[in-house]
$ cat start_21.csv   # CSV, C-alpha atoms
chain,number,residue,atom,x,y,z
A,1,MET,CA,0.0,0.0,0.0
A,2,SER,CA,1.4,3.4,-0.9
A,3,ASP,CA,1.8,6.2,1.6
A,4,PRO,CA,-0.8,9.0,1.0
A,5,ASN,CA,1.6,11.6,2.3
A,6,PRO,CA,5.1,10.5,1.1
A,7,ILE,CA,8.0,12.2,2.7
A,8,THR,CA,10.9,13.1,0.5
A,9,THR,CA,14.4,13.7,1.9
A,10,THR,CA,13.8,17.4,1.9
A,11,SER,CA,10.4,17.2,3.7
A,12,ARG,CA,11.7,14.8,6.3
A,13,GLY,CA,13.6,17.8,7.8
A,14,LEU,CA,10.5,19.9,7.6
A,15,HIS,CA,8.4,17.3,9.3
A,16,TRP,CA,11.0,17.2,12.1
A,17,LEU,CA,10.9,20.9,12.5
A,18,LEU,CA,7.1,21.0,12.6
A,19,ASP,CA,7.1,18.3,15.3
A,20,ASN,CA,9.8,20.2,17.2
A,21,ILE,CA,7.6,23.3,17.6
A,22,LEU,CA,4.9,21.1,19.2
A,23,ASP,CA,7.4,19.6,21.6
A,24,LYS,CA,8.8,22.9,22.7
A,25,THR,CA,5.6,25.0,22.8
A,26,PRO,CA,3.1,24.1,25.5
A,27,GLY,CA,-0.5,24.1,24.4
A,28,THR,CA,0.2,23.7,20.7
A,29,ARG,CA,-1.8,20.9,19.0
A,30,GLU,CA,-1.0,20.9,15.2
A,31,VAL,CA,1.2,22.7,12.7
A,32,LEU,CA,0.6,23.2,9.0
A,33,VAL,CA,2.5,24.7,6.2
A,34,LEU,CA,0.3,25.9,3.3
A,35,SER,CA,0.7,27.6,0.0
A,36,ARG,CA,-0.8,31.1,-0.4
A,37,ASP,CA,-3.6,29.6,-2.5
A,38,GLY,CA,-4.6,27.1,0.2
A,39,LEU,CA,-2.9,23.9,-0.6
A,40,LYS,CA,-1.3,21.9,2.2
A,41,MET,CA,2.4,21.5,1.9
A,42,CYS,CA,3.4,19.8,5.1
A,43,PHE,CA,1.6,19.1,8.4
A,44,THR,CA,1.8,17.2,11.7
A,45,PRO,CA,0.2,13.7,11.7
A,46,GLY,CA,-2.6,14.5,14.1
A,47,LEU,CA,-4.3,16.6,11.4
A,48,GLY,CA,-4.7,13.9,8.9
A,49,GLU,CA,-5.3,14.5,5.2
A,50,ASP,CA,-8.8,15.8,5.5
A,51,GLY,CA,-8.1,18.0,8.5
A,52,ALA,CA,-5.0,19.5,6.7
A,53,ASP,CA,-7.2,20.2,3.7
A,54,GLN,CA,-9.8,22.0,5.8
A,55,LEU,CA,-7.2,23.9,7.9
A,56,SER,CA,-5.4,25.0,4.7
A,57,ALA,CA,-8.6,26.4,3.2
A,58,ILE,CA,-9.4,28.2,6.5
A,59,ALA,CA,-5.9,29.6,6.9
A,60,ALA,CA,-5.7,30.8,3.3
A,61,GLY,CA,-9.0,32.6,3.7
A,62,VAL,CA,-7.9,34.3,6.9
A,63,GLN,CA,-4.7,35.5,5.3
A,64,SER,CA,-6.6,36.8,2.3
A,65,LEU,CA,-8.9,38.7,4.6
A,66,SER,CA,-5.9,40.1,6.5
A,67,LEU,CA,-4.3,41.3,3.2
A,68,SER,CA,-7.6,42.9,2.2
A,69,ALA,CA,-7.8,44.7,5.5
A,70,SER,CA,-4.3,45.9,5.1
A,71,ALA,CA,-5.0,47.2,1.6
A,72,GLU,CA,-8.3,48.9,2.6
A,73,PHE,CA,-7.5,50.2,6.1
A,74,GLY,CA,-3.8,50.0,6.6
A,75,ASP,CA,-0.7,50.8,4.7
A,76,GLY,CA,-1.2,48.1,2.1
A,77,LYS,CA,2.1,46.4,2.8
A,78,GLY,CA,0.6,43.1,3.8
A,79,SER,CA,-0.3,41.4,7.0
A,80,GLY,CA,1.7,40.0,9.9
A,81,GLN,CA,0.3,37.4,12.3
A,82,ALA,CA,-3.4,36.7,12.1
A,83,MET,CA,-5.2,35.0,15.0
A,84,LEU,CA,-8.6,33.5,15.5
A,85,GLU,CA,-10.0,32.6,18.9
A,86,PHE,CA,-12.8,30.1,18.9
A,87,GLY,CA,-14.4,27.8,21.5
A,88,GLY,CA,-11.8,25.3,22.4
A,89,GLY,CA,-8.8,26.7,20.7
A,90,LEU,CA,-6.7,29.3,18.8
A,91,LEU,CA,-5.5,29.5,15.2
A,92,LEU,CA,-2.4,31.5,14.5
A,93,ILE,CA,-1.1,32.2,11.0
A,94,VAL,CA,2.1,33.9,9.9
A,95,PRO,CA,3.5,34.6,6.4
A,96,ALA,CA,6.4,32.2,5.9
A,97,SER,CA,7.6,33.2,2.4
A,98,ALA,CA,6.3,35.0,-0.6
A,99,GLY,CA,4.1,32.0,-1.4
A,100,ALA,CA,3.6,30.1,1.9
A,101,HIS,CA,2.1,30.5,5.4
A,102,LEU,CA,2.6,28.7,8.7
A,103,ALA,CA,-0.5,27.9,10.7
A,104,VAL,CA,-0.6,26.6,14.3
A,105,LEU,CA,-3.6,25.2,16.2
A,106,ALA,CA,-3.3,25.8,19.9
A,107,GLU,CA,-5.3,25.3,23.1
A,108,GLU,CA,-7.3,28.3,24.2
A,109,ASP,CA,-5.1,28.8,27.2
A,110,ALA,CA,-1.8,28.7,25.3
A,111,ASP,CA,0.7,31.5,25.7
A,112,VAL,CA,0.0,33.4,22.4
A,113,GLY,CA,3.3,35.4,22.8
A,114,LEU,CA,5.3,32.2,23.1
A,115,VAL,CA,3.5,30.5,20.3
A,116,GLY,CA,4.0,33.5,18.0
A,117,HIS,CA,7.7,33.8,19.0
A,118,ASN,CA,8.3,30.1,18.2
A,119,MET,CA,6.4,30.3,14.9
A,120,ASN,CA,8.7,33.2,13.9
A,121,GLU,CA,11.8,31.2,14.9
A,122,LEU,CA,10.5,28.3,12.9
A,123,VAL,CA,9.9,30.5,9.8
A,124,GLU,CA,13.5,31.6,10.0
A,125,GLN,CA,14.7,28.0,10.3
A,126,ILE,CA,12.8,26.6,7.4
A,127,GLY,CA,12.6,29.5,4.9
A,128,ASP,CA,14.1,27.5,2.1
A,129,TYR,CA,11.5,24.7,2.6
A,130,LEU,CA,8.6,27.2,2.4
A,131,THR,CA,9.1,28.6,-1.1
A,132,ALA,CA,5.8,27.7,-2.8
A,133,ALA,CA,5.7,28.5,-6.5
A,134,PRO,CA,2.3,29.8,-7.8
A,135,ARG,CA,0.2,27.0,-9.4
A,136,GLN,CA,0.5,26.9,-13.1
A,137,PRO,CA,-2.7,26.4,-15.1
A,138,VAL,CA,-3.2,22.9,-16.5
A,139,CYS,CA,-4.0,24.5,-19.9
A,140,SER,CA,-3.7,28.0,-21.2
A,141,GLY,CA,-7.3,28.4,-22.0
A,142,GLU,CA,-6.6,28.6,-25.7
A,143,PRO,CA,-8.3,26.1,-28.1
A,144,ARG,CA,-6.5,23.0,-29.0
A,145,PRO,CA,-4.7,23.0,-32.3
$ encode --input "start_21.csv" --output "structure tokens"
Amino acid sequence: MSDPNPITTTSRGLHWLLDNILDKTPGTREVLVLSRDGLKMCFTPGLGEDGADQLSAIAAGVQSLSLSASAEFGDGKGSGQAMLEFGGGLLLIVPASAGAHLAVLAEEDADVGLVGHNMNELVEQIGDYLTAAPRQPVCSGEPRP
């Protein structure tokens, strides 16, 4: 049976770093790296494929709203950390590169300052892993020859 989430040599290091933030940050539950357009790139095992897909879509939507708020009501230079607080938890999202974001699910009583600090450290450690090229269209939209 094939692995639905194969790990390449490069992503093994990324998985280790994602697991490491869970180990060193009390109250964190899951970590996800996603592309700007909402595709999961790497995630901790507790999320599972479906959970990672759902969280990717949510995090991309939140970041999109943050960018819109910056453009409309701020200086238009983008967004930093976004946070959602909901019954039973927190979702923190930070830009990780030009094409990727880092999202962390945490317990509602987690130290947000520590979580954010460790997320920023993680982004610095794994910047090369987080370069996500924009998706290319499957076809150009032009009629077939």
$ closest_residue --input "start_21.csv" --among "A:Leu14, A:Leu65, A:Ala71, A:Ala110" --to "A:Val123" --atoms "all atoms listed in the file"
A:Leu14
$ residues_near_point --input "start_21.csv" --point "(-5.2, 23.6, 3.5)" --cutoff "10 Å" --atoms "all atoms listed in the file" --output "ChimeraX atom specification"
/A:32-43,49-61,103
$ atom_distance --input "start_21.csv" --atom1 "atom CA of A:Leu105" --atom2 "atom CA of A:Met83"
10.0 Å
$ residues_around --input "start_21.csv" --residues "A:Gly80" --least-positions-apart "5" --cutoff "10 Å" --atoms "all atoms listed in the file" --output "PDB file with C-alpha atoms, in the coordinates of the input"
ATOM      1  CA  GLN A  63      -4.700  35.500   5.300  1.00  0.00           C
ATOM      2  CA  SER A  66      -5.900  40.100   6.500  1.00  0.00           C
ATOM      3  CA  LEU A  67      -4.300  41.300   3.200  1.00  0.00           C
ATOM      4  CA  SER A  70      -4.300  45.900   5.100  1.00  0.00           C
ATOM      5  CA  ILE A  93      -1.100  32.200  11.000  1.00  0.00           C
ATOM      6  CA  VAL A  94       2.100  33.900   9.900  1.00  0.00           C
ATOM      7  CA  PRO A  95       3.500  34.600   6.400  1.00  0.00           C
ATOM      8  CA  ALA A  96       6.400  32.200   5.900  1.00  0.00           C
TER       9      ALA A  96
END
$ atom_distance --input "start_21.csv" --atom1 "atom CA of A:Gly116" --atom2 "atom CA of A:Pro26"
12.1 Å
$ atom_distance --input "start_21.csv" --atom1 "atom CA of A:Ala106" --atom2 "atom CA of A:Met119"
11.8 Å
$ closest_residue --input "start_21.csv" --among "A:Ile21, A:Ala69, A:Val31, A:Gly127" --to "A:Leu102" --atoms "all atoms listed in the file"
A:Val31
$ decode --input "start_21.csv" --residues "stretch 42-110 of chain A" --atoms "C-alpha atoms" --output "PDB file, in the first residue's frame"
ATOM      1  CA  CYS A  42       3.375  19.762   5.092  1.00  0.00           C
ATOM      2  CA  PHE A  43       1.570  19.073   8.364  1.00  0.00           C
ATOM      3  CA  THR A  44       1.796  17.231  11.650  1.00  0.00           C
ATOM      4  CA  PRO A  45       0.244  13.745  11.685  1.00  0.00           C
ATOM      5  CA  GLY A  46      -2.602  14.547  14.083  1.00  0.00           C
ATOM      6  CA  LEU A  47      -4.348  16.645  11.429  1.00  0.00           C
ATOM      7  CA  GLY A  48      -4.718  13.859   8.895  1.00  0.00           C
ATOM      8  CA  GLU A  49      -5.269  14.510   5.198  1.00  0.00           C
ATOM      9  CA  ASP A  50      -8.830  15.827   5.522  1.00  0.00           C
ATOM     10  CA  GLY A  51      -8.054  18.021   8.522  1.00  0.00           C
ATOM     11  CA  ALA A  52      -5.019  19.451   6.734  1.00  0.00           C
ATOM     12  CA  ASP A  53      -7.153  20.242   3.673  1.00  0.00           C
ATOM     13  CA  GLN A  54      -9.765  21.987   5.827  1.00  0.00           C
ATOM     14  CA  LEU A  55      -7.230  23.937   7.862  1.00  0.00           C
ATOM     15  CA  SER A  56      -5.377  24.966   4.684  1.00  0.00           C
ATOM     16  CA  ALA A  57      -8.556  26.425   3.220  1.00  0.00           C
ATOM     17  CA  ILE A  58      -9.410  28.246   6.454  1.00  0.00           C
ATOM     18  CA  ALA A  59      -5.898  29.643   6.944  1.00  0.00           C
ATOM     19  CA  ALA A  60      -5.655  30.830   3.330  1.00  0.00           C
ATOM     20  CA  GLY A  61      -9.012  32.567   3.705  1.00  0.00           C
ATOM     21  CA  VAL A  62      -7.947  34.300   6.916  1.00  0.00           C
ATOM     22  CA  GLN A  63      -4.700  35.482   5.335  1.00  0.00           C
ATOM     23  CA  SER A  64      -6.611  36.759   2.315  1.00  0.00           C
ATOM     24  CA  LEU A  65      -8.920  38.747   4.596  1.00  0.00           C
ATOM     25  CA  SER A  66      -5.901  40.133   6.471  1.00  0.00           C
ATOM     26  CA  LEU A  67      -4.321  41.285   3.215  1.00  0.00           C
ATOM     27  CA  SER A  68      -7.594  42.921   2.170  1.00  0.00           C
ATOM     28  CA  ALA A  69      -7.835  44.730   5.511  1.00  0.00           C
ATOM     29  CA  SER A  70      -4.253  45.944   5.101  1.00  0.00           C
ATOM     30  CA  ALA A  71      -4.986  47.240   1.613  1.00  0.00           C
ATOM     31  CA  GLU A  72      -8.257  48.882   2.589  1.00  0.00           C
ATOM     32  CA  PHE A  73      -7.548  50.230   6.066  1.00  0.00           C
ATOM     33  CA  GLY A  74      -3.800  49.961   6.621  1.00  0.00           C
ATOM     34  CA  ASP A  75      -0.656  50.813   4.748  1.00  0.00           C
ATOM     35  CA  GLY A  76      -1.217  48.132   2.106  1.00  0.00           C
ATOM     36  CA  LYS A  77       2.100  46.442   2.843  1.00  0.00           C
ATOM     37  CA  GLY A  78       0.554  43.117   3.798  1.00  0.00           C
ATOM     38  CA  SER A  79      -0.302  41.360   6.994  1.00  0.00           C
ATOM     39  CA  GLY A  80       1.709  39.951   9.851  1.00  0.00           C
ATOM     40  CA  GLN A  81       0.328  37.436  12.283  1.00  0.00           C
ATOM     41  CA  ALA A  82      -3.374  36.670  12.141  1.00  0.00           C
ATOM     42  CA  MET A  83      -5.159  35.014  15.035  1.00  0.00           C
ATOM     43  CA  LEU A  84      -8.579  33.461  15.452  1.00  0.00           C
ATOM     44  CA  GLU A  85      -9.958  32.607  18.854  1.00  0.00           C
ATOM     45  CA  PHE A  86     -12.772  30.085  18.943  1.00  0.00           C
ATOM     46  CA  GLY A  87     -14.406  27.840  21.529  1.00  0.00           C
ATOM     47  CA  GLY A  88     -11.777  25.273  22.417  1.00  0.00           C
ATOM     48  CA  GLY A  89      -8.780  26.747  20.684  1.00  0.00           C
ATOM     49  CA  LEU A  90      -6.737  29.287  18.789  1.00  0.00           C
ATOM     50  CA  LEU A  91      -5.490  29.464  15.226  1.00  0.00           C
ATOM     51  CA  LEU A  92      -2.376  31.537  14.538  1.00  0.00           C
ATOM     52  CA  ILE A  93      -1.117  32.173  11.009  1.00  0.00           C
ATOM     53  CA  VAL A  94       2.061  33.925   9.877  1.00  0.00           C
ATOM     54  CA  PRO A  95       3.486  34.554   6.425  1.00  0.00           C
ATOM     55  CA  ALA A  96       6.399  32.215   5.897  1.00  0.00           C
ATOM     56  CA  SER A  97       7.609  33.246   2.448  1.00  0.00           C
ATOM     57  CA  ALA A  98       6.277  34.974  -0.641  1.00  0.00           C
ATOM     58  CA  GLY A  99       4.124  31.964  -1.413  1.00  0.00           C
ATOM     59  CA  ALA A 100       3.560  30.138   1.872  1.00  0.00           C
ATOM     60  CA  HIS A 101       2.112  30.493   5.367  1.00  0.00           C
ATOM     61  CA  LEU A 102       2.587  28.703   8.668  1.00  0.00           C
ATOM     62  CA  ALA A 103      -0.505  27.879  10.735  1.00  0.00           C
ATOM     63  CA  VAL A 104      -0.598  26.568  14.300  1.00  0.00           C
ATOM     64  CA  LEU A 105      -3.606  25.246  16.196  1.00  0.00           C
ATOM     65  CA  ALA A 106      -3.286  25.756  19.948  1.00  0.00           C
ATOM     66  CA  GLU A 107      -5.302  25.291  23.113  1.00  0.00           C
ATOM     67  CA  GLU A 108      -7.328  28.314  24.175  1.00  0.00           C
ATOM     68  CA  ASP A 109      -5.095  28.849  27.223  1.00  0.00           C
ATOM     69  CA  ALA A 110      -1.806  28.657  25.280  1.00  0.00           C
TER      70      ALA A 110
END
